Structures are given as C-alpha cells and as structure tokens.
Amino acid sequence: MEKELILEIKDLVVRFETADGVVHAVNGLDLKIEKGRSIGLVGETGAGKTTTALSMLRLVPDPPGVVECEKLELSGRDVLSMSVSELEEVRGKDISMIFQDPMTALNPVFTVGEQIAESIQIHEKVSSQEAEKRAKEMLELVGIPGERAGEYPHQFSGGMKQRVVIAIALACHPKLLIADEPTTALDVTIQAQVLDLMRRLKEQYETSLIMITHDLGIVAEICDDVAVMYAGKIIEIGTLRDIFNKAKHPYTEGLFNSIPNIHDRKAKLTPIQGLMPDPTNLPEGCAFEPRCPYACEGCKKEQALLQISDTHFVRCSRYLEEGFHIERKEKE
Amino acid sequence: MTRYIVRRLLLMIPVLICVTFVVYFLMDLAPGDVISQLAPADATPQQIEMLREEYGLNGTIIERYGRYLWRLLHGDMGTSFFLKRPVFSVFLERLPNTLMLAFASILVAILISLPLGIAAATHHRSWLDGFSVVLSMLSVSMPAFWLGLLLIFIFSLHWKIFPSGGSEGLKYLILPALTLGTEQAGNLTRITRSSMLDVIHQDYLRTARAKGVSEKKVIRHHALRNALIPIITVLGSTLGNAFGGAVAIETVFAWNGIGRLTVMAINNRDMTLATGCIFMFTLMLNMTLLVVDIAYAYVDPRVKARYSK
Ligand SMILES: Nc1ncnc2c1ncn2[C@@H]1O[C@H](COP(=O)(O)OP(=O)(O)OP(=O)(O)O)[C@@H](O)[C@H]1O
Ligand SMILES: [Mg+2]
C-alpha cells in the first residue's frame, strides 16, 4: 500500500529575472515524499537546491523570482491556491526550514529565546510564559543551556547559532523539515548530535525530512532516498542503496569519484572536469553534456527521466542503448 | 553605561566653553554697542563710563569675557541688559514655547516620514517610491522660512484658517510646526527608506517569514527594529535642526520662543542674553545627542554590550 504523501511537486520551474539576464534556477522538477521518509538533495553549488526548498514554502523572493508550478501539495493540501494567511499557518507548523547560513539567519536585535518562542506563539495558542518555557526546552534539546535564552545572537558562536536556527525550525514539530546544509557550521561532535536529533525527531513525530547537503556522508547516515540535482533538474533519484551502490548517471559517478573512499584510500580522487553551465544560458539537451566523458550526439536533445527499477530513475538517454554502463562498479 | 554617560557629560564642558567664547567675541566684533543704546542721548563720557562699569562692560574684551565665564562657571548667567532680568529666568519663560514647537515639528516629521519611508522601501521602484524621493528632495531643498511664508500666504492670508503669527495657543502652533516638520521630513524619509532597504533583504527576515510571521509583523517588528538605528541618529539631528530652525521660523511666525529671543538679543547687542541663549541651545543639543546615543543601546543589543565593557 502506498503511504501517505507529505509532499508532491510537479513540474516546478523557477527563474530569476535579473538585470544581467534570466537565471534558470529550477527547470522542471518533480518530487514526492512519503510521510516519515527522508530524502537527501545533493548537487554542487548553484544547482538550485535552496531555491527548490524556498519554493515549497512559497518564499522565493519576488521580484526577481518567478515561480511556475503545476502542482504543489503539502499533505494533500494545495499550497499554490493558499491565501496569505493560510500560508502563514502552514509555514513553521507543517513545513519548516533550517537555513543555510546561521550567521545571518537570526535577527540581531531579539534574544534567541524570543525568536524561538515567537514561532510557538504563532502556531499554538499558548501564553507567553508557556512559550518562553518551551523555547528553553527547545534550546536544551539542541544542546544549549536553557538559561542562555535571554542572550542575543552576537553572544553565540557560529555552531550555537546554527543550533538555535534548528531549534526554531523544530519548535512546532513540523511534518516536513527542510534542512539546508544544517551541519556545515558545526564541528564533528555537534554535527553527530544534530543528526541524531533529527533522526530521533523522525522516529518520534514521523517528520519527513529533506536534507540538502554537499556531504554524501551525511546523506548515507540519515537519508532513505537520494535525489541528485544538476542545473535545476533532478538527474538521478532512488533509494540510498540505488544511488550509493548502483549509481547510473555520469554526474553521480563524478560526485562519488571526487570524494575520498574509506575502503580504498589509495584510489585516486578525480574531480569532475569543467564548471556548471551558466544558468542564464543552459544547453538545450543534458546540462551535464559539456562535462560528460560519455557524451554523444543524442545528449544534445532534451532528456527524459528513465526508469531503472521500481525506485530508481535516471535522466540520461544513453541508457536507451543496449549495454551502456558507466565505469563505477555496482556493489550489492 | 553610567561611566559612559559621565564621560560624555564631562566632554560637554569644553564644547560649551568654546561656544560661549566664540559667541562672546563675535558679538563684540559686531558694530554697535549696547551702552550707546541704553545711555541717554546727552550723556557725558563720564556717565557712559559709569554705565559701562555698572553693566560689567569695562576693561578689555579678555577681562570682560573672563568675568563672564567666571560667573557662568558658578551658575550665574548674568542679567539681560535690555530686559533687566536674569537671563536664566527669561530663558525658562520662553523654553516651553520652543520645546512645544520642536516636539510638534518632530511629531509632524515622524508622522510623514516613517510611513512614507517604509512604504517606499517595501514598494521599491514603484510610483510611491519615486514620490517619496521627489518629496524628500523638495523638502530638503526648500528653505524653511520660504515654506513658512508660503504657508502663511495660503492658510492665513488666502483661506484665513490659521493665524499668521503669535503664540497664544494650539491654533498658532500648527503652521510653524507644519513648516519645521515638513522641513525635517525630507531627511528623515530618505534615511528611513534607505535603512529599510538595507534591512529588507536580510536573511533573518526570511527566517521570520518561514516561521509563519505575518508580512506586516515582519516589516514593523523584525525589519523596522533593525532599521531604527540610523533612523534614531537622524532623529537626533532632526531635533537639533528643529532647535536651530526655530530661530528663523519663530521669527517668521512671531512665535515667542528662544529662537526669537536670541534674534532680539543679537539685534540689541544684548551680550549676556545672546550668549546665554546660545549656551543653553548648545547644552540642549548636546543632551539630545547623548539621549540618542543612549537610545541606541536600547535598540541594538550589540551596542549595549559595547558600553558595558
Ligand atoms: N534572489 C536571487 N536573485 C537572482 N538569482 C538567484 C537568487 N537566488 C538564487 N539565484 C540563482 O539561482 C541559482 C540557484 O541558486 P540556489 O541558491 O538555489 O543554489 P544551491 O543549490 O542552493 O547552491 P548552494 O549549494 O551554494 O547553496 C544560482 O545560479 C543563483 O545564482
Ligand atoms: Mg543553497
């Protein structure tokens, strides 16, 4: 039986109309997330990960952002047709986001306690004392002593700020949590604690999670599924096992080849050659084609998402050819 | 914080002394002499000399200034030559009028600038934004006395709604307050708009929105609170300008405040009164700036942290 869908996106397109041209940030993205599952969204910088996440909250800055989408549903509710006040109810309660840069994500003129409590007071009809108490509990949950609730962001280190941002996002136990590189500012032990926290949350509240990251290690640790993004499109999606053991797309292969392998330290690191294409001027066919070692004429045409297995899809037309495979060995 | 305030207060002393020095000497350089105005037309040189001594105007300028400063340091601002009353009590008598005008004009300025500046920033590049820019340029480049005369012409002479001058009540306050207020509004609108524009793209507003904070509250609570710091600075100097602008405006509207008193004192070469008035003006201005600096600490916790060190 199919589980309840928490999020469904169909054909999301986002472009930024700036003075220097139109930036095509997201170009036709489909995504489904089941309740309680977590998906890792990986891809290099500029791939459109943050923009995709902001679109789910309907928070893409407009102008310059223009969002077009066929379908955007949050637990079956149509987000596209929501009124402003309905959106405000959903944000922070049903769906919340941990932002990428902790140094700027907190308001410098309010105490961290106030900033956590605000979220609680908006969504749950509680007194301000109660909200304050809950804010302190949230702080302790992310490993910061409750007494520090009265302090201001400038009194916190980067890692602590990040944890405050996490506490804000978790304050109302959202159904869907988007974490945009939540651990980049943290040292390894804190990182482990934060991941542990998210895992607990997932189990306790059946929170679904979108984990945006460059770090495949984090993906392996916490995600059930992985989506690989390139130039605003998902180019490969599957379960953790599909992607880590049976990667199909040449770009995914490149990603794995450019990180150290613990099992084979002698293996050479081979970074992907070249740069991401200019988002104001994307090639018509596969956006990875100019950098792809397997490219051929067919790659210059629009690529469809091909099904490899029940769970595994790849956007690479070369798999239409009999016997095509990439070099990376499949593991079982 | 207390230490900071004490230090600022001590720093005011040299500033105030310099101001009295400059004013006293400038007054002395100006042609004309209070004695020749006070003495009867047929006074003998001896009588004039006696008068000089009576008013403490004998000796060199250095001696005279020295005596003045000595008394000032003991809290005595001297007696007005013309009004024959202590300068301080004359000042106190006129102070309420000037304060009333200053605060009324600030109120006018705030009521115009804050909404207009915020709306201009949130509707960046719209017609409203353009309107605010044009309006603030106009108000900055228009001399206050000219605007005052224009308002008198329209509202007193033409429509006869408000009196053209006097200081007998609220009705008399409206035109001068409007004049001074609009004059200040330009600068304040400009700074409100630009500091809101700086803040409005900050990440923390996105965090607030993502929490479900309403747009209205995002702007008025989260953004404005951050934009307030430069606004308060300008507000302080606006209050200063309101005191300064009062000199011209009080004269135009015959508003009996300190500005008008100062002009009168200068015209009559009333040394003690003029120096005293300007001394008090400077003191008020410095106090305002101090209050502004203290206000920062309440708005911005980072500043407060700096003071407590
Ligand atoms: N407000 C904006 N105005 C103009 N262009 C934008 C804006 N926000 C994002 N972009 C552009 O959209 C593209 C996608 O950006 P996005 O922030 O989604 O990338 P990302 O995958 O999150 O990258 P990173 O890993 O560095 O966070 C980039 O080319 C970026 O320059
Ligand atoms: Mg990003």
# chains A, B, ... in the order shown; residues from 1 in each chain; ligands from 1

call {"tool": "interface_residues", "arguments": {"of": "chain B", "to": "chain A", "cutoff": "8 Å", "atoms": "only C-alpha atoms", "output": "PyMOL selection string"}}
result
chain B and resi 202-207+209-214+222+225-226+299-302

call {"tool": "write_last_selection", "arguments": {"atoms": "N, CA and C atoms", "output": "tab-separated table (two decimals), in the first residue's frame"}}
result
chain	number	residue	atom	x	y	z
B	202	GLN	N	17.59	41.10	4.25
B	202	GLN	CA	18.38	40.30	5.18
B	202	GLN	C	17.77	38.91	5.35
B	203	ASP	N	18.68	37.97	5.58
B	203	ASP	CA	18.25	36.58	5.75
B	203	ASP	C	17.30	36.39	6.93
B	204	TYR	N	17.51	37.20	8.00
B	204	TYR	CA	16.68	36.92	9.18
B	204	TYR	C	15.21	37.24	8.95
B	205	LEU	N	14.92	38.07	7.96
B	205	LEU	CA	13.50	38.30	7.66
B	205	LEU	C	12.91	37.05	7.00
B	206	ARG	N	13.73	36.38	6.20
B	206	ARG	CA	13.28	35.14	5.59
B	206	ARG	C	13.03	34.09	6.67
B	207	THR	N	13.93	34.06	7.67
B	207	THR	CA	13.72	33.13	8.79
B	207	THR	C	12.38	33.44	9.46
B	209	ARG	N	9.73	34.92	8.19
B	209	ARG	CA	8.62	34.52	7.32
B	209	ARG	C	8.44	33.01	7.35
B	210	ALA	N	9.56	32.29	7.36
B	210	ALA	CA	9.47	30.83	7.36
B	210	ALA	C	8.85	30.30	8.65
B	211	LYS	N	8.89	31.11	9.71
B	211	LYS	CA	8.25	30.70	10.96
B	211	LYS	C	6.74	30.90	10.89
B	212	GLY	N	6.30	31.65	9.90
B	212	GLY	CA	4.88	31.94	9.79
B	212	GLY	C	4.52	33.33	10.29
B	213	VAL	N	5.51	34.17	10.53
B	213	VAL	CA	5.24	35.55	10.94
B	213	VAL	C	4.58	36.29	9.78
B	214	SER	N	3.54	37.07	10.09
B	214	SER	CA	2.83	37.75	9.02
B	214	SER	C	3.69	38.86	8.43
B	222	HIS	N	10.27	42.99	12.88
B	222	HIS	CA	11.61	42.46	12.63
B	222	HIS	C	12.48	43.43	11.82
B	225	ARG	N	12.77	47.39	13.57
B	225	ARG	CA	13.60	47.40	14.76
B	225	ARG	C	15.09	47.46	14.38
B	226	ASN	N	15.45	46.82	13.28
B	226	ASN	CA	16.84	46.86	12.84
B	226	ASN	C	17.17	48.15	12.09
B	299	VAL	N	18.00	49.88	21.55
B	299	VAL	CA	17.54	49.30	20.30
B	299	VAL	C	18.45	48.17	19.85
B	300	ASP	N	19.74	48.36	20.03
B	300	ASP	CA	20.68	47.39	19.50
B	300	ASP	C	21.51	46.76	20.61
B	301	PRO	N	21.24	45.49	20.88
B	301	PRO	CA	21.96	44.83	21.97
B	301	PRO	C	23.47	44.79	21.77
B	302	ARG	N	23.92	44.86	20.50
B	302	ARG	CA	25.36	44.83	20.26
B	302	ARG	C	26.03	46.10	20.79

call {"tool": "select_by_dssp", "arguments": {"residues": "range 79-167 of chain B", "states": "helix (DSSP H, G or I)", "output": "PyMOL selection string"}}
result
chain B and resi 87-122+127-141+144-158

call {"tool": "residues_near_ligand", "arguments": {"ligand": "ligand 2", "cutoff": "7 Å", "atoms": "only C-alpha atoms and all ligand atoms", "output": "PDB file with N, CA and C atoms, in the first residue's frame"}}
result
ATOM      1  N   THR A  45      27.198  23.559  -5.914  1.00  0.00           N
ATOM      2  CA  THR A  45      26.677  24.892  -5.622  1.00  0.00           C
ATOM      3  C   THR A  45      26.048  25.526  -6.865  1.00  0.00           C
ATOM      4  N   GLY A  48      20.449  24.799  -7.560  1.00  0.00           N
ATOM      5  CA  GLY A  48      19.060  25.187  -7.354  1.00  0.00           C
ATOM      6  C   GLY A  48      18.416  24.514  -6.155  1.00  0.00           C
ATOM      7  N   LYS A  49      19.231  24.000  -5.248  1.00  0.00           N
ATOM      8  CA  LYS A  49      18.676  23.273  -4.104  1.00  0.00           C
ATOM      9  C   LYS A  49      17.910  24.202  -3.159  1.00  0.00           C
ATOM     10  N   THR A  50      18.552  25.307  -2.782  1.00  0.00           N
ATOM     11  CA  THR A  50      17.889  26.243  -1.874  1.00  0.00           C
ATOM     12  C   THR A  50      16.641  26.832  -2.520  1.00  0.00           C
ATOM     13  N   GLN A 100      20.546  27.917   5.507  1.00  0.00           N
ATOM     14  CA  GLN A 100      21.927  27.585   5.190  1.00  0.00           C
ATOM     15  C   GLN A 100      22.952  28.348   6.035  1.00  0.00           C
ATOM     16  N   ASP A 180      18.698  22.900   5.126  1.00  0.00           N
ATOM     17  CA  ASP A 180      19.590  23.349   4.063  1.00  0.00           C
ATOM     18  C   ASP A 180      21.012  23.416   4.614  1.00  0.00           C
TER      19      ASP A 180
END

call {"tool": "closest_residue", "arguments": {"among": "B:Leu289, B:His201, B:Ile294, B:Ser126", "to": "ligand 1", "atoms": "only C-alpha atoms and all ligand atoms"}}
result
B:His201

call {"tool": "residues_near_ligand", "arguments": {"ligand": "ligand 1", "cutoff": "7 Å", "atoms": "only C-alpha atoms and all ligand atoms", "output": "PDB file with C-alpha atoms, in the first residue's frame"}}
result
ATOM      1  CA  PHE A  16      15.202  34.904 -11.574  1.00  0.00           C
ATOM      2  CA  THR A  18      17.696  39.974 -13.127  1.00  0.00           C
ATOM      3  CA  VAL A  23      18.741  32.860 -14.326  1.00  0.00           C
ATOM      4  CA  HIS A  24      17.092  29.476 -14.822  1.00  0.00           C
ATOM      5  CA  ALA A  25      17.441  28.153 -11.295  1.00  0.00           C
ATOM      6  CA  GLY A  43      24.292  18.686  -6.063  1.00  0.00           C
ATOM      7  CA  GLU A  44      27.017  21.240  -6.457  1.00  0.00           C
ATOM      8  CA  THR A  45      26.677  24.892  -5.622  1.00  0.00           C
ATOM      9  CA  GLY A  46      24.195  26.755  -7.787  1.00  0.00           C
ATOM     10  CA  ALA A  47      22.256  23.611  -8.685  1.00  0.00           C
ATOM     11  CA  GLY A  48      19.060  25.187  -7.354  1.00  0.00           C
ATOM     12  CA  LYS A  49      18.676  23.273  -4.104  1.00  0.00           C
ATOM     13  CA  THR A  50      17.889  26.243  -1.874  1.00  0.00           C
ATOM     14  CA  THR A  51      15.605  27.719  -4.498  1.00  0.00           C
ATOM     15  CA  THR A  52      13.680  24.441  -4.690  1.00  0.00           C
ATOM     16  CA  PRO A  61      11.880  36.425  -3.395  1.00  0.00           C
ATOM     17  CA  PRO A  64      13.263  38.835  -9.154  1.00  0.00           C
ATOM     18  CA  GLY A  65      11.954  35.284  -8.736  1.00  0.00           C
ATOM     19  CA  PRO A 279      22.352  29.305 -15.530  1.00  0.00           C
TER      20      PRO A 279
END

call {"tool": "residues_around", "arguments": {"residues": "Phe162 in chain B", "least_positions_apart": "2", "cutoff": "12 Å", "atoms": "only C-alpha atoms", "output": "list in words"}}
result
Leu151, Ile152, Phe153, Ile154, Phe155, Ser156, Leu157, His158, Trp159, Lys160, Ser164, Gly165, Gly166, Ser167, Gly169, Leu170, Lys171, Tyr172, Leu173, Ile174, Leu175, Pro176, Leu178 and Phe253 of chain B

call {"tool": "residues_around", "arguments": {"residues": "Val164 in chain A", "least_positions_apart": "3", "cutoff": "7 Å", "atoms": "only C-alpha atoms", "output": "number ranges by chain"}}
result
A: 112, 139, 160-161, 167-168

call {"tool": "atom_distance", "arguments": {"atom1": "CA of Ile178 in chain A", "atom2": "CA of Leu306 in chain A"}}
result
26.8 Å

call {"tool": "select_by_dssp", "arguments": {"residues": "range 162-325 of chain A", "states": "strand (DSSP E)", "output": "PyMOL selection string"}}
result
chain A and resi 176-180+208-213+225-230+233-239+306-307+313-314

call {"tool": "write_last_selection", "arguments": {"atoms": "N, CA and C atoms", "output": "PDB file, in the first residue's frame"}}
result
ATOM      1  N   LEU A 176       7.055  18.359   7.811  1.00  0.00           N
ATOM      2  CA  LEU A 176       8.146  18.272   6.845  1.00  0.00           C
ATOM      3  C   LEU A 176       9.218  19.282   7.238  1.00  0.00           C
ATOM      4  N   LEU A 177      10.419  18.774   7.399  1.00  0.00           N
ATOM      5  CA  LEU A 177      11.524  19.655   7.768  1.00  0.00           C
ATOM      6  C   LEU A 177      12.500  19.720   6.605  1.00  0.00           C
ATOM      7  N   ILE A 178      12.794  20.928   6.182  1.00  0.00           N
ATOM      8  CA  ILE A 178      13.810  21.089   5.145  1.00  0.00           C
ATOM      9  C   ILE A 178      15.068  21.588   5.828  1.00  0.00           C
ATOM     10  N   ALA A 179      16.143  20.846   5.698  1.00  0.00           N
ATOM     11  CA  ALA A 179      17.387  21.263   6.337  1.00  0.00           C
ATOM     12  C   ALA A 179      18.384  21.603   5.244  1.00  0.00           C
ATOM     13  N   ASP A 180      18.698  22.900   5.126  1.00  0.00           N
ATOM     14  CA  ASP A 180      19.590  23.349   4.063  1.00  0.00           C
ATOM     15  C   ASP A 180      21.012  23.416   4.614  1.00  0.00           C
ATOM     16  N   SER A 208       8.938  14.098   8.089  1.00  0.00           N
ATOM     17  CA  SER A 208       9.650  13.844   6.835  1.00  0.00           C
ATOM     18  C   SER A 208      10.763  14.871   6.721  1.00  0.00           C
ATOM     19  N   LEU A 209      11.812  14.506   6.023  1.00  0.00           N
ATOM     20  CA  LEU A 209      12.987  15.374   6.011  1.00  0.00           C
ATOM     21  C   LEU A 209      13.534  15.525   4.601  1.00  0.00           C
ATOM     22  N   ILE A 210      13.835  16.742   4.254  1.00  0.00           N
ATOM     23  CA  ILE A 210      14.608  16.976   3.033  1.00  0.00           C
ATOM     24  C   ILE A 210      15.958  17.498   3.489  1.00  0.00           C
ATOM     25  N   MET A 211      16.987  16.725   3.247  1.00  0.00           N
ATOM     26  CA  MET A 211      18.319  17.115   3.702  1.00  0.00           C
ATOM     27  C   MET A 211      19.116  17.608   2.506  1.00  0.00           C
ATOM     28  N   ILE A 212      19.361  18.922   2.494  1.00  0.00           N
ATOM     29  CA  ILE A 212      20.153  19.494   1.409  1.00  0.00           C
ATOM     30  C   ILE A 212      21.606  19.513   1.844  1.00  0.00           C
ATOM     31  N   THR A 213      22.474  18.948   1.080  1.00  0.00           N
ATOM     32  CA  THR A 213      23.864  18.897   1.522  1.00  0.00           C
ATOM     33  C   THR A 213      24.821  18.595   0.381  1.00  0.00           C
ATOM     34  N   ASP A 225      16.213   8.137   0.880  1.00  0.00           N
ATOM     35  CA  ASP A 225      16.284   8.310  -0.567  1.00  0.00           C
ATOM     36  C   ASP A 225      17.272   9.413  -0.900  1.00  0.00           C
ATOM     37  N   VAL A 226      17.697   9.438  -2.145  1.00  0.00           N
ATOM     38  CA  VAL A 226      18.608  10.490  -2.577  1.00  0.00           C
ATOM     39  C   VAL A 226      18.144  11.025  -3.927  1.00  0.00           C
ATOM     40  N   ALA A 227      18.159  12.339  -4.054  1.00  0.00           N
ATOM     41  CA  ALA A 227      17.914  12.952  -5.354  1.00  0.00           C
ATOM     42  C   ALA A 227      19.149  13.767  -5.706  1.00  0.00           C
ATOM     43  N   VAL A 228      19.663  13.568  -6.898  1.00  0.00           N
ATOM     44  CA  VAL A 228      20.837  14.314  -7.326  1.00  0.00           C
ATOM     45  C   VAL A 228      20.368  15.407  -8.278  1.00  0.00           C
ATOM     46  N   MET A 229      20.749  16.637  -7.953  1.00  0.00           N
ATOM     47  CA  MET A 229      20.305  17.768  -8.772  1.00  0.00           C
ATOM     48  C   MET A 229      21.457  18.318  -9.584  1.00  0.00           C
ATOM     49  N   TYR A 230      21.142  18.704 -10.802  1.00  0.00           N
ATOM     50  CA  TYR A 230      22.157  19.363 -11.626  1.00  0.00           C
ATOM     51  C   TYR A 230      21.468  20.417 -12.476  1.00  0.00           C
ATOM     52  N   LYS A 233      17.635  20.550 -12.335  1.00  0.00           N
ATOM     53  CA  LYS A 233      16.849  19.351 -12.630  1.00  0.00           C
ATOM     54  C   LYS A 233      17.325  18.214 -11.752  1.00  0.00           C
ATOM     55  N   ILE A 234      16.401  17.290 -11.454  1.00  0.00           N
ATOM     56  CA  ILE A 234      16.834  16.069 -10.795  1.00  0.00           C
ATOM     57  C   ILE A 234      17.340  15.144 -11.895  1.00  0.00           C
ATOM     58  N   ILE A 235      18.607  14.740 -11.808  1.00  0.00           N
ATOM     59  CA  ILE A 235      19.144  13.913 -12.882  1.00  0.00           C
ATOM     60  C   ILE A 235      19.206  12.437 -12.471  1.00  0.00           C
ATOM     61  N   GLU A 236      19.088  12.201 -11.187  1.00  0.00           N
ATOM     62  CA  GLU A 236      19.001  10.809 -10.750  1.00  0.00           C
ATOM     63  C   GLU A 236      18.336  10.779  -9.387  1.00  0.00           C
ATOM     64  N   ILE A 237      17.436   9.826  -9.216  1.00  0.00           N
ATOM     65  CA  ILE A 237      16.758   9.715  -7.930  1.00  0.00           C
ATOM     66  C   ILE A 237      16.515   8.246  -7.630  1.00  0.00           C
ATOM     67  N   GLY A 238      16.674   7.885  -6.378  1.00  0.00           N
ATOM     68  CA  GLY A 238      16.459   6.498  -5.995  1.00  0.00           C
ATOM     69  C   GLY A 238      16.643   6.329  -4.511  1.00  0.00           C
ATOM     70  N   THR A 239      16.605   5.100  -4.051  1.00  0.00           N
ATOM     71  CA  THR A 239      16.845   4.875  -2.638  1.00  0.00           C
ATOM     72  C   THR A 239      18.336   5.059  -2.383  1.00  0.00           C
ATOM     73  N   LEU A 306      14.374   8.202 -17.144  1.00  0.00           N
ATOM     74  CA  LEU A 306      14.186   6.789 -17.473  1.00  0.00           C
ATOM     75  C   LEU A 306      14.082   5.979 -16.196  1.00  0.00           C
ATOM     76  N   GLN A 307      13.224   4.982 -16.245  1.00  0.00           N
ATOM     77  CA  GLN A 307      13.071   4.144 -15.060  1.00  0.00           C
ATOM     78  C   GLN A 307      14.043   2.969 -15.116  1.00  0.00           C
ATOM     79  N   PHE A 313      15.431   6.099 -10.851  1.00  0.00           N
ATOM     80  CA  PHE A 313      15.230   6.796 -12.119  1.00  0.00           C
ATOM     81  C   PHE A 313      16.485   7.575 -12.484  1.00  0.00           C
ATOM     82  N   VAL A 314      16.767   7.675 -13.772  1.00  0.00           N
ATOM     83  CA  VAL A 314      17.921   8.450 -14.187  1.00  0.00           C
ATOM     84  C   VAL A 314      17.574   9.235 -15.449  1.00  0.00           C
TER      85      VAL A 314
END

call {"tool": "residues_around", "arguments": {"residues": "range 94-106 of chain B", "least_positions_apart": "4", "cutoff": "9 Å", "atoms": "only C-alpha atoms", "output": "JSON, numbers by chain"}}
result
{"B": [89, 90, 110, 111, 167, 173, 174, 176, 177, 178, 179, 180, 181, 182, 183, 184, 185, 235, 238, 239, 240, 241, 242, 243, 246, 250, 255, 256, 257, 258, 259, 261]}

call {"tool": "write_last_selection", "arguments": {"atoms": "N, CA, C and O atoms", "output": "compact mmCIF listing (two decimals), in the first residue's frame"}}
result
# COMPACT_ATOMS: atom_id res chain seq x y z
N SER B 89 16.04 83.23 33.91
CA SER B 89 14.59 83.21 34.09
C SER B 89 13.89 83.61 32.80
O SER B 89 12.81 83.11 32.49
N VAL B 90 14.51 84.52 32.04
CA VAL B 90 13.93 84.86 30.73
C VAL B 90 13.92 83.61 29.85
O VAL B 90 12.92 83.29 29.19
N ILE B 110 7.86 62.78 11.92
CA ILE B 110 7.77 61.33 12.08
C ILE B 110 6.52 60.79 11.41
O ILE B 110 6.55 59.77 10.71
N LEU B 111 5.42 61.50 11.63
CA LEU B 111 4.15 61.02 11.06
C LEU B 111 4.21 60.98 9.54
O LEU B 111 3.56 60.15 8.90
N SER B 167 1.74 83.44 19.60
CA SER B 167 1.99 82.17 20.27
C SER B 167 1.00 81.98 21.41
O SER B 167 1.35 81.58 22.50
N LEU B 173 0.22 77.18 16.84
CA LEU B 173 1.33 76.24 16.75
C LEU B 173 1.34 75.51 15.40
O LEU B 173 2.40 75.13 14.89
N ILE B 174 0.14 75.36 14.82
CA ILE B 174 0.02 74.45 13.67
C ILE B 174 0.90 74.83 12.49
O ILE B 174 1.68 74.01 12.00
N PRO B 176 3.66 76.93 12.17
CA PRO B 176 5.11 76.76 12.35
C PRO B 176 5.53 75.30 12.49
O PRO B 176 6.57 74.90 11.96
N ALA B 177 4.73 74.49 13.19
CA ALA B 177 5.09 73.08 13.37
C ALA B 177 5.08 72.36 12.03
O ALA B 177 5.94 71.54 11.72
N LEU B 178 4.09 72.70 11.22
CA LEU B 178 3.99 72.09 9.89
C LEU B 178 5.21 72.47 9.05
O LEU B 178 5.79 71.64 8.35
N THR B 179 5.59 73.74 9.13
CA THR B 179 6.74 74.20 8.36
C THR B 179 8.01 73.48 8.77
O THR B 179 8.70 72.88 7.94
N LEU B 180 8.29 73.53 10.07
CA LEU B 180 9.52 72.89 10.55
C LEU B 180 9.47 71.39 10.34
O LEU B 180 10.47 70.76 9.98
N GLY B 181 8.29 70.80 10.53
CA GLY B 181 8.12 69.35 10.39
C GLY B 181 8.38 68.89 8.97
O GLY B 181 9.14 67.94 8.74
N THR B 182 7.79 69.56 8.00
CA THR B 182 8.00 69.17 6.60
C THR B 182 9.45 69.35 6.22
O THR B 182 10.00 68.55 5.47
N GLU B 183 10.04 70.40 6.78
CA GLU B 183 11.44 70.65 6.51
C GLU B 183 12.30 69.46 6.95
O GLU B 183 13.21 69.04 6.25
N GLN B 184 11.97 68.90 8.13
CA GLN B 184 12.74 67.78 8.65
C GLN B 184 12.36 66.47 7.98
O GLN B 184 13.15 65.53 7.92
N ALA B 185 11.11 66.39 7.49
CA ALA B 185 10.58 65.12 6.99
C ALA B 185 11.40 64.58 5.82
O ALA B 185 11.55 63.37 5.68
N LEU B 235 17.08 61.23 13.70
CA LEU B 235 16.06 61.84 14.54
C LEU B 235 16.70 62.81 15.54
O LEU B 235 16.19 63.89 15.79
N THR B 238 17.68 65.75 13.74
CA THR B 238 16.45 66.44 13.37
C THR B 238 15.99 67.34 14.51
O THR B 238 15.59 68.48 14.30
N LEU B 239 16.08 66.80 15.72
CA LEU B 239 15.69 67.60 16.87
C LEU B 239 16.62 68.81 16.99
O LEU B 239 16.18 69.92 17.27
N GLY B 240 17.91 68.59 16.71
CA GLY B 240 18.86 69.69 16.70
C GLY B 240 18.47 70.74 15.68
O GLY B 240 18.43 71.94 15.97
N ASN B 241 18.15 70.26 14.48
CA ASN B 241 17.73 71.18 13.43
C ASN B 241 16.46 71.92 13.81
O ASN B 241 16.28 73.08 13.44
N ALA B 242 15.59 71.21 14.53
CA ALA B 242 14.34 71.86 14.93
C ALA B 242 14.65 73.01 15.88
O ALA B 242 14.03 74.07 15.79
N PHE B 243 15.62 72.82 16.78
CA PHE B 243 16.02 73.93 17.65
C PHE B 243 16.62 75.06 16.81
O PHE B 243 16.30 76.23 16.98
N ALA B 246 14.29 76.79 14.52
CA ALA B 246 13.34 77.60 15.27
C ALA B 246 13.70 79.08 15.20
O ALA B 246 12.83 79.94 15.24
N GLU B 250 10.57 80.88 14.21
CA GLU B 250 9.93 81.64 15.28
C GLU B 250 9.82 83.11 14.90
O GLU B 250 8.86 83.78 15.25
N TRP B 255 6.56 83.57 16.86
CA TRP B 255 6.35 82.59 17.92
C TRP B 255 7.33 82.90 19.04
O TRP B 255 8.54 82.94 18.83
N ASN B 256 6.81 83.15 20.25
CA ASN B 256 7.65 83.63 21.33
C ASN B 256 8.51 82.56 21.98
O ASN B 256 8.32 82.19 23.12
N GLY B 257 9.47 82.12 21.25
CA GLY B 257 10.36 81.10 21.81
C GLY B 257 11.76 81.63 21.97
O GLY B 257 12.01 82.83 21.85
N ILE B 258 12.68 80.71 22.21
CA ILE B 258 14.06 81.12 22.44
C ILE B 258 14.72 81.61 21.16
O ILE B 258 15.56 82.50 21.20
N GLY B 259 14.32 81.05 20.03
CA GLY B 259 14.87 81.48 18.75
C GLY B 259 14.64 82.96 18.54
O GLY B 259 15.55 83.73 18.23
N LEU B 261 13.84 85.10 20.81
CA LEU B 261 14.53 85.81 21.88
C LEU B 261 15.99 86.06 21.50
O LEU B 261 16.53 87.15 21.68
